[in-house]
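See below for final-v3.cif, which holds mmCIF, C-alpha atoms.
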data_data
loop_
_atom_site.label_atom_id
_atom_site.label_comp_id
_atom_site.auth_asym_id
_atom_site.auth_seq_id
_atom_site.Cartn_x
_atom_site.Cartn_y
_atom_site.Cartn_z
CA MET A 1 168.44 105.23 69.08
CA ILE A 2 165.01 105.22 67.45
CA ASP A 3 163.34 106.38 70.68
CA ARG A 4 165.74 109.32 70.74
CA ILE A 5 164.63 110.30 67.27
CA GLY A 6 161.07 110.08 68.57
CA ASP A 7 161.96 112.27 71.55
CA ASP A 8 163.51 114.77 69.20
CA LEU A 9 160.24 115.20 67.35
CA SER A 10 157.86 114.89 70.30
CA PHE A 11 158.00 118.61 71.11
CA HIS A 12 157.03 119.51 67.56
CA GLN A 13 154.36 116.85 67.60
CA ALA A 14 152.79 118.29 70.75
CA ALA A 15 153.03 121.84 69.41
CA LEU A 16 151.46 120.86 66.09
CA GLY A 17 148.65 119.00 67.85
CA LEU A 18 147.83 122.01 69.99
CA ARG A 19 147.96 124.36 66.98
CA GLN A 20 145.50 122.04 65.29
CA GLN A 21 143.19 122.12 68.32
CA ARG A 22 143.38 125.89 68.49
CA GLN A 23 142.59 126.08 64.77
CA GLU A 24 139.43 124.08 65.46
CA VAL A 25 138.39 126.33 68.35
CA LEU A 26 138.89 129.45 66.21
CA ALA A 27 137.04 127.87 63.27
CA ALA A 28 134.13 127.17 65.62
CA ASN A 29 134.16 130.81 66.77
CA ILE A 30 134.02 132.03 63.17
CA ALA A 31 131.28 129.52 62.35
CA ASN A 32 129.18 130.72 65.29
CA ALA A 33 129.63 134.44 64.61
CA ASP A 34 125.84 134.84 64.23
CA THR A 35 124.64 132.39 66.89
CA PRO A 36 122.76 134.10 69.74
CA ASN A 37 124.30 133.63 73.21
CA PHE A 38 127.40 131.91 71.83
CA LYS A 39 130.52 132.77 73.82
CA ALA A 40 133.82 132.88 71.95
CA ARG A 41 136.37 130.37 73.29
CA ASP A 42 140.13 130.13 73.10
CA PHE A 43 143.01 128.74 75.14
CA ASP A 44 146.39 129.96 76.31
CA PHE A 45 148.74 128.23 73.90
CA THR A 46 151.92 128.72 75.97
CA ALA A 47 150.34 127.27 79.12
CA ALA A 48 148.80 124.40 77.16
CA LEU A 49 152.13 123.50 75.55
CA GLN A 50 153.94 123.62 78.90
CA GLU A 51 151.26 121.39 80.34
CA ALA A 52 151.50 118.97 77.42
CA MET A 53 155.31 118.78 77.64
CA GLY A 54 155.19 118.22 81.40
CA GLU A 55 152.77 115.36 80.86
CA ARG A 56 155.50 112.72 80.91
CA MET A 57 156.36 113.61 84.48
CA ARG A 58 152.77 113.71 85.63
CA LEU A 59 150.93 110.76 87.09
CA PRO A 60 148.27 109.20 84.88
CA ASN A 61 144.66 109.13 86.01
CA ILE A 62 144.57 106.88 89.05
CA GLN A 63 141.91 105.77 91.48
CA LEU A 64 141.90 103.96 94.79
CA SER A 65 141.14 100.27 94.59
CA LEU A 66 138.20 99.43 96.81
CA THR A 67 138.45 96.15 98.68
CA ALA A 68 135.60 96.62 101.15
CA ALA A 69 132.12 98.01 100.82
CA ARG A 70 132.80 100.84 103.30
CA HIS A 71 135.82 102.23 101.47
CA ILE A 72 135.34 105.71 100.11
CA PRO A 73 136.07 105.95 96.38
CA ALA A 74 138.54 108.64 95.32
CA LYS A 75 140.05 109.51 91.99
CA ALA A 76 143.03 111.62 90.97
CA HIS A 77 142.16 113.22 87.71
CA ALA A 78 144.78 114.78 85.45
CA PRO A 79 143.42 117.83 83.62
CA ASP A 80 143.26 117.93 79.83
CA PRO A 81 146.27 119.52 78.14
CA ALA A 82 144.35 122.57 76.99
CA GLU A 83 141.97 124.42 79.28
CA LEU A 84 139.31 126.30 77.33
CA LEU A 85 138.79 129.90 78.38
CA PHE A 86 136.28 132.55 77.40
CA ARG A 87 137.30 135.54 75.36
CA GLN A 88 136.76 138.96 76.95
CA PRO A 89 134.44 140.86 74.60
CA LEU A 90 135.38 144.42 73.71
CA GLN A 91 132.03 145.19 72.16
CA PRO A 92 129.41 142.69 73.37
CA SER A 93 126.38 142.48 71.14
CA MET A 94 122.71 142.59 72.17
CA ASP A 95 122.09 138.89 71.46
CA GLY A 96 124.74 137.74 73.97
CA ASN A 97 127.23 136.70 71.29
CA THR A 98 130.84 137.57 72.14
CA VAL A 99 132.50 136.69 68.81
CA ASP A 100 134.52 139.63 67.49
CA MET A 101 135.10 138.72 63.85
CA ASP A 102 138.24 140.87 63.51
CA VAL A 103 139.92 139.30 66.53
CA GLU A 104 139.01 135.79 65.41
CA ARG A 105 140.24 136.34 61.86
CA VAL A 106 143.54 137.78 63.05
CA GLN A 107 144.04 134.92 65.51
CA PHE A 108 143.13 132.41 62.81
CA ALA A 109 145.68 133.87 60.38
CA ASP A 110 148.30 134.01 63.13
CA ASN A 111 147.65 130.41 64.11
CA THR A 112 147.82 129.32 60.46
CA LEU A 113 151.21 130.97 60.06
CA ARG A 114 152.56 129.37 63.21
CA TYR A 115 151.22 125.96 62.15
CA GLN A 116 153.02 126.34 58.84
CA SER A 117 156.26 127.40 60.49
CA ASP A 118 155.98 124.34 62.75
CA LEU A 119 155.61 122.19 59.65
CA THR A 120 158.67 123.81 58.09
CA LEU A 121 160.68 123.18 61.26
CA ILE A 122 159.64 119.53 61.34
CA SER A 123 160.50 119.10 57.68
CA SER A 124 163.95 120.61 58.07
CA ARG A 125 164.51 118.50 61.19
CA ILE A 126 163.69 115.35 59.26
CA LYS A 127 165.91 116.44 56.35
CA THR A 128 168.80 116.99 58.78
CA MET A 129 168.30 113.53 60.20
CA MET A 130 168.12 111.97 56.78
CA ALA A 131 171.34 113.70 55.83
CA ALA A 132 173.02 112.37 58.96
CA LEU A 133 171.72 108.84 58.25
CA GLN A 134 173.01 108.88 54.70
CA GLN A 135 176.57 109.93 55.57
CA MET B 1 142.47 112.84 61.76
CA SER B 2 141.11 115.91 63.41
CA THR B 3 141.46 118.40 60.55
CA ILE B 4 138.25 116.78 59.32
CA ASN B 5 136.58 118.51 62.31
CA ILE B 6 137.35 121.94 60.84
CA PHE B 7 135.64 120.91 57.62
CA GLN B 8 132.63 119.75 59.62
CA ILE B 9 132.50 122.94 61.70
CA ALA B 10 132.93 125.36 58.80
CA GLY B 11 130.76 123.22 56.54
CA SER B 12 127.87 123.34 59.01
CA ALA B 13 128.21 127.12 59.05
CA LEU B 14 128.02 127.20 55.23
CA THR B 15 124.81 125.17 55.31
CA ALA B 16 123.30 127.37 58.03
CA GLN B 17 124.24 130.63 56.32
CA SER B 18 122.89 129.49 52.96
CA GLN B 19 119.64 128.50 54.64
CA ARG B 20 119.50 131.98 56.17
CA MET B 21 120.05 133.43 52.69
CA ASN B 22 117.22 131.24 51.34
CA VAL B 23 114.85 132.58 53.97
CA THR B 24 115.93 136.15 53.19
CA ALA B 25 115.34 135.53 49.49
CA SER B 26 111.87 134.23 50.27
CA ASN B 27 111.13 137.29 52.42
CA LEU B 28 112.35 139.73 49.78
CA ALA B 29 110.52 137.93 46.97
CA ASN B 30 107.27 138.01 48.95
CA ALA B 31 107.60 141.57 50.23
CA ASP B 32 104.41 142.46 48.33
CA SER B 33 102.53 139.13 48.41
CA VAL B 34 99.15 140.24 49.69
CA THR B 35 97.71 136.72 49.71
CA GLY B 36 99.27 133.34 50.19
CA PRO B 37 97.85 129.83 49.76
CA ASP B 38 95.83 130.32 52.96
CA GLY B 39 94.41 133.66 51.83
CA GLN B 40 96.47 135.53 54.43
CA PRO B 41 99.28 137.99 53.62
CA TYR B 42 102.80 136.54 53.66
CA ARG B 43 104.57 136.74 57.04
CA ALA B 44 108.32 137.31 57.22
CA ARG B 45 110.37 134.40 58.52
CA GLN B 46 113.68 134.38 60.38
CA VAL B 47 116.14 131.57 61.08
CA VAL B 48 117.35 130.84 64.63
CA PHE B 49 120.96 129.66 64.85
CA GLN B 50 122.15 127.26 67.49
CA MET B 51 125.56 125.80 68.35
CA ALA B 52 125.82 122.15 67.30
CA PRO B 53 128.64 120.17 69.00
CA VAL B 54 130.69 118.00 66.65
CA PRO B 55 131.06 114.44 67.99
CA GLY B 56 134.67 113.31 68.29
CA GLN B 57 136.03 116.81 68.69
CA ALA B 58 138.51 117.31 71.54
CA PHE B 59 136.44 119.98 73.33
CA SER B 60 133.18 118.48 72.10
CA PRO B 61 130.37 120.08 74.11
CA ALA B 62 132.01 123.53 74.26
CA VAL B 63 133.22 123.85 70.68
CA GLY B 64 131.21 122.98 67.61
CA GLY B 65 129.53 124.01 64.41
CA VAL B 66 126.24 125.77 63.91
CA LYS B 67 122.82 124.60 62.87
CA VAL B 68 119.45 126.17 62.13
CA ALA B 69 117.38 125.30 65.19
CA ALA B 70 114.13 126.72 63.85
CA VAL B 71 112.58 129.01 61.27
CA VAL B 72 110.23 131.33 63.14
CA GLU B 73 107.60 133.70 61.82
CA SER B 74 108.26 137.35 62.52
CA ALA B 75 105.98 138.87 65.15
CA ALA B 76 106.15 142.33 63.59
CA PRO B 77 102.74 143.91 62.89
CA PRO B 78 101.62 143.80 59.24
CA ARG B 79 102.03 146.90 57.12
CA LEU B 80 98.72 148.64 56.30
CA GLN B 81 98.45 150.35 52.97
CA TYR B 82 95.59 152.71 52.10
CA ASP B 83 94.12 151.53 48.80
CA PRO B 84 90.30 151.61 48.88
CA LYS B 85 89.96 150.41 45.27
CA ASN B 86 91.75 147.15 46.03
CA PRO B 87 89.30 144.21 46.35
CA LEU B 88 91.24 143.03 49.42
CA ALA B 89 90.84 146.34 51.26
CA ASN B 90 89.03 146.25 54.61
CA ALA B 91 86.08 148.45 55.60
CA ASP B 92 88.38 151.43 56.24
CA GLY B 93 90.06 151.05 52.86
CA TYR B 94 93.34 149.56 54.15
CA VAL B 95 95.04 146.54 52.57
CA THR B 96 97.06 144.30 54.92
CA MET B 97 100.53 143.92 53.40
CA PRO B 98 103.26 141.46 54.50
CA ASN B 99 105.37 142.47 57.53
CA VAL B 100 108.63 142.18 55.58
CA ASP B 101 111.19 144.85 56.45
CA VAL B 102 112.99 145.16 53.11
CA VAL B 103 115.92 147.19 54.45
CA ALA B 104 116.53 144.80 57.34
CA GLU B 105 116.35 141.82 54.98
CA THR B 106 118.91 143.39 52.66
CA VAL B 107 121.26 143.93 55.60
CA ASN B 108 120.60 140.34 56.68
CA MET B 109 121.54 139.11 53.21
CA ILE B 110 124.82 141.03 53.20
CA SER B 111 125.65 139.75 56.69
CA ALA B 112 124.92 136.15 55.63
CA SER B 113 127.09 136.42 52.53
CA ARG B 114 130.00 137.88 54.53
CA SER B 115 129.78 135.08 57.09
CA TYR B 116 129.62 132.56 54.26
CA GLN B 117 132.79 134.03 52.73
CA ALA B 118 134.61 133.93 56.07
CA ASN B 119 133.81 130.25 56.45
CA VAL B 120 134.86 129.45 52.89
CA GLU B 121 138.18 131.07 53.72
CA VAL B 122 138.48 128.92 56.86
CA ILE B 123 137.91 125.79 54.75
CA ASN B 124 140.49 126.86 52.17
CA THR B 125 143.06 127.54 54.88
CA ALA B 126 142.37 124.20 56.56
CA LYS B 127 142.68 122.46 53.21
CA SER B 128 146.04 124.01 52.39
CA LEU B 129 147.31 123.23 55.91
CA MET B 130 146.23 119.62 55.50
CA MET B 131 147.99 119.35 52.14
CA ARG B 132 151.16 120.72 53.69
CA THR B 133 150.86 118.35 56.65
CA LEU B 134 150.58 115.41 54.25
CA SER B 135 153.86 116.42 52.63
CA ILE B 136 155.92 116.52 55.85
CA GLY B 137 159.45 115.32 55.27
CA GLN B 138 159.33 115.45 51.49
#
Exercise: express the given structure as structure tokens:
Amino acid sequence: MIDRIGDDLSFHQAALGLRQQRQEVLAANIANADTPNFKARDFDFTAALQEAMGERMRLPNIQLSLTAARHIPAKAHAPDPAELLFRQPLQPSMDGNTVDMDVERVQFADNTLRYQSDLTLISSRIKTMMAALQQ
Amino acid sequence: MSTINIFQIAGSALTAQSQRMNVTASNLANADSVTGPDGQPYRARQVVFQMAPVPGQAFSPAVGGVKVAAVVESAAPPRLQYDPKNPLANADGYVTMPNVDVVAETVNMISASRSYQANVEVINTAKSLMMRTLSIGQ
């Protein structure tokens, strides 16, 4: 029963974790708005969440066990949940910096709002469960 | 606890921007300093920003804060002012003034203060998110 409660919240947990990571990436973009040659980064949240939710079905990192000296080592590497991409600059600046402050601020505010709505969803989910437990 | 990373990232930007503002203040204050301790006119200085990865961050080498890599002297030629009565004037009557571009420094100062404000806002947002996260389920 307890593991089912955990399963129930695991989607929100993954979403919240990714929102947190995205918040960090956007904060780093804003922090480096004046750094020469800094390229603004971001990731595709939908793809990252799908990847993170499909993680249970994916094989963990595995490698061949080598029993003789002439065996060739090989490793299957699972990619990280979020793949960092580069933002396409609309107005690149002379110093090679691609941070567009307006875009970053809007994305940051948007991400904040979605993080908060995730928190609200989790809270109401927990309240529902508590209500069910106390019947 | 990775919200701490946001505080590190934005905090490093605050430090870097305030250092930039310090250098600008020095340049503006010395815009007319004809001699310094070495007897030479003051030379304008500029900060060079560099990305500083935060250890422990999920995307560590690609995402990080900012640091001041160096403070370099401006290579702009000194301003020559015609003032033959000045004891520091050269044979042609010109006094070598500092190479501070007052207008550019003012713009620099405004830019630094705007960036500082943006990062303060990031910290405030991260703080309120963290407080809300701590009160999940209450």
Q) Which residues, written as a ChimeraX atom specification, have at least one atom at most 7 Å from region 36-45 of chain B, with all atoms listed in the file counted and residues fewer than 2 positions away on the same chain left out? A) /B:23,27,30,33-34,47,71-74,96-100
Report the closest atom pair, with its distance in Å rounded to one decimal, for each residue of chain B that has an atom no farther than 10 Å from chain A; count all atoms listed in the file, sort by chain and then rising residue number, and write it as a tab-separated table.
residue	atom	partner	partner_atom	distance
B:Ser2	CA	A:Gln20	CA	7.8
B:Thr3	CA	A:Gln20	CA	7.2
B:Ile4	CA	A:Glu24	CA	9.6
B:Asn5	CA	A:Glu24	CA	7.0
B:Ile6	CA	A:Glu24	CA	5.5
B:Phe7	CA	A:Ala27	CA	9.1
B:Gln8	CA	A:Ala28	CA	9.7
B:Ile9	CA	A:Ala28	CA	6.0
B:Ala10	CA	A:Ala31	CA	5.7
B:Gly11	CA	A:Ala31	CA	8.6
B:Ser12	CA	A:Ala31	CA	7.8
B:Ala13	CA	A:Ala31	CA	5.1
B:Leu14	CA	A:Ala31	CA	8.2
B:Ala16	CA	A:Ala31	CA	9.3
B:Gln17	CA	A:Asp34	CA	9.1
B:Val48	CA	A:Thr35	CA	7.8
B:Phe49	CA	A:Thr35	CA	5.0
B:Gln50	CA	A:Thr35	CA	5.7
B:Met51	CA	A:Thr35	CA	6.8
B:Ala52	CA	A:Asn32	CA	9.4
B:Pro53	CA	A:Ala28	CA	9.5
B:Val54	CA	A:Ala28	CA	9.8
B:Gln57	CA	A:Glu24	CA	8.7
B:Ala58	CA	A:Gln21	CA	7.4
B:Phe59	CA	A:Leu84	CA	8.0
B:Ala62	CA	A:Arg41	CA	8.2
B:Val63	CA	A:Ala28	CA	6.1
B:Gly64	CA	A:Ala28	CA	5.5
B:Gly65	CA	A:Ala28	CA	5.7
B:Val66	CA	A:Asn32	CA	5.9
B:Lys67	CA	A:Thr35	CA	9.0
B:Val68	CA	A:Thr35	CA	9.4
B:Ser111	CA	A:Asp34	CA	9.0
B:Ala112	CA	A:Asp34	CA	8.7
B:Ser115	CA	A:Ala33	CA	7.5
B:Tyr116	CA	A:Ala31	CA	8.8
B:Ala118	CA	A:Ile30	CA	7.4
B:Asn119	CA	A:Ala31	CA	6.5
B:Glu121	CA	A:Arg105	CA	9.9
B:Val122	CA	A:Ala27	CA	6.7
B:Ile123	CA	A:Ala27	CA	8.8
B:Thr125	CA	A:Thr112	CA	7.5
B:Ala126	CA	A:Gln23	CA	8.4
B:Ser128	CA	A:Gln116	CA	9.8
B:Leu129	CA	A:Gln116	CA	7.1
B:Arg132	CA	A:Leu119	CA	7.6
B:Thr133	CA	A:Leu119	CA	6.8
B:Ser135	CA	A:Ser123	CA	8.8
B:Ile136	CA	A:Ser123	CA	5.6
B:Gly137	CA	A:Ser123	CA	4.6
B:Gln138	CA	A:Ser123	CA	7.3
Writing out the chosen residues with C-alpha atoms as an mmCIF file, in the coordinates of the input:
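Below you can see result-v9.cif, which holds the result:
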data_model
loop_
_atom_site.group_PDB
_atom_site.id
_atom_site.type_symbol
_atom_site.label_atom_id
_atom_site.label_comp_id
_atom_site.auth_asym_id
_atom_site.auth_seq_id
_atom_site.Cartn_x
_atom_site.Cartn_y
_atom_site.Cartn_z
ATOM 1 C CA SER B 2 141.110 115.910 63.410
ATOM 2 C CA THR B 3 141.460 118.400 60.550
ATOM 3 C CA ILE B 4 138.250 116.780 59.320
ATOM 4 C CA ASN B 5 136.580 118.510 62.310
ATOM 5 C CA ILE B 6 137.350 121.940 60.840
ATOM 6 C CA PHE B 7 135.640 120.910 57.620
ATOM 7 C CA GLN B 8 132.630 119.750 59.620
ATOM 8 C CA ILE B 9 132.500 122.940 61.700
ATOM 9 C CA ALA B 10 132.930 125.360 58.800
ATOM 10 C CA GLY B 11 130.760 123.220 56.540
ATOM 11 C CA SER B 12 127.870 123.340 59.010
ATOM 12 C CA ALA B 13 128.210 127.120 59.050
ATOM 13 C CA LEU B 14 128.020 127.200 55.230
ATOM 14 C CA ALA B 16 123.300 127.370 58.030
ATOM 15 C CA GLN B 17 124.240 130.630 56.320
ATOM 16 C CA VAL B 48 117.350 130.840 64.630
ATOM 17 C CA PHE B 49 120.960 129.660 64.850
ATOM 18 C CA GLN B 50 122.150 127.260 67.490
ATOM 19 C CA MET B 51 125.560 125.800 68.350
ATOM 20 C CA ALA B 52 125.820 122.150 67.300
ATOM 21 C CA PRO B 53 128.640 120.170 69.000
ATOM 22 C CA VAL B 54 130.690 118.000 66.650
ATOM 23 C CA GLN B 57 136.030 116.810 68.690
ATOM 24 C CA ALA B 58 138.510 117.310 71.540
ATOM 25 C CA PHE B 59 136.440 119.980 73.330
ATOM 26 C CA ALA B 62 132.010 123.530 74.260
ATOM 27 C CA VAL B 63 133.220 123.850 70.680
ATOM 28 C CA GLY B 64 131.210 122.980 67.610
ATOM 29 C CA GLY B 65 129.530 124.010 64.410
ATOM 30 C CA VAL B 66 126.240 125.770 63.910
ATOM 31 C CA LYS B 67 122.820 124.600 62.870
ATOM 32 C CA VAL B 68 119.450 126.170 62.130
ATOM 33 C CA SER B 111 125.650 139.750 56.690
ATOM 34 C CA ALA B 112 124.920 136.150 55.630
ATOM 35 C CA SER B 115 129.780 135.080 57.090
ATOM 36 C CA TYR B 116 129.620 132.560 54.260
ATOM 37 C CA ALA B 118 134.610 133.930 56.070
ATOM 38 C CA ASN B 119 133.810 130.250 56.450
ATOM 39 C CA GLU B 121 138.180 131.070 53.720
ATOM 40 C CA VAL B 122 138.480 128.920 56.860
ATOM 41 C CA ILE B 123 137.910 125.790 54.750
ATOM 42 C CA THR B 125 143.060 127.540 54.880
ATOM 43 C CA ALA B 126 142.370 124.200 56.560
ATOM 44 C CA SER B 128 146.040 124.010 52.390
ATOM 45 C CA LEU B 129 147.310 123.230 55.910
ATOM 46 C CA ARG B 132 151.160 120.720 53.690
ATOM 47 C CA THR B 133 150.860 118.350 56.650
ATOM 48 C CA SER B 135 153.860 116.420 52.630
ATOM 49 C CA ILE B 136 155.920 116.520 55.850
ATOM 50 C CA GLY B 137 159.450 115.320 55.270
ATOM 51 C CA GLN B 138 159.330 115.450 51.490
#
Q: Would you work out the distance separating CA of Val95 (chain B) from CA of Leu80 (chain B), expressed in Å to one decimal?
A: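 Those two atoms sit 5.6 Å apart.
The gap separating CA of Phe43 (chain A) from CA of Gln13 (chain A) is 18.1 Å, in Å to one decimal.
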Q: Between CA of Ala15 (chain A) and CA of Leu133 (chain A), measure the distance and give it in Å to one decimal.
A: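 Between these atoms lies a distance of 25.4 Å.
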Q.
Starting from the PyMOL selection byres ((chain A and resi 46) around 12), expand the selection into actual residues of this file and give them as a list in words.
A. Ala14, Ala15, Leu18, Arg19, Arg22, Phe43, Asp44, Phe45, Ala47, Ala48, Leu49, Gln50, Glu51, Ala52, Met53, Pro81, Ala82 and Glu83 of chain A
Q. For Asp8 (chain A), which residue out of A:Met129, A:Val106, A:Leu66, A:Leu90 is the nearest one, using all atoms listed in the file?
A. A:Met129
Q | Counting all atoms listed in the file, the option among A:Gln135, A:Ile5, A:Phe11, A:Gly96 closest to Gly54 (chain A) | A |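 Among the listed residues, A:Phe11 lies closest to Gly54 (chain A).
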Q: Spell out the residues picked by the PyMOL selection byres ((chain B and resi 83) around 10) here, as JSON, numbers by chain.
A: {"B": [80, 81, 82, 84, 85, 86, 87, 88, 89, 90, 92, 93, 94, 95, 96]}
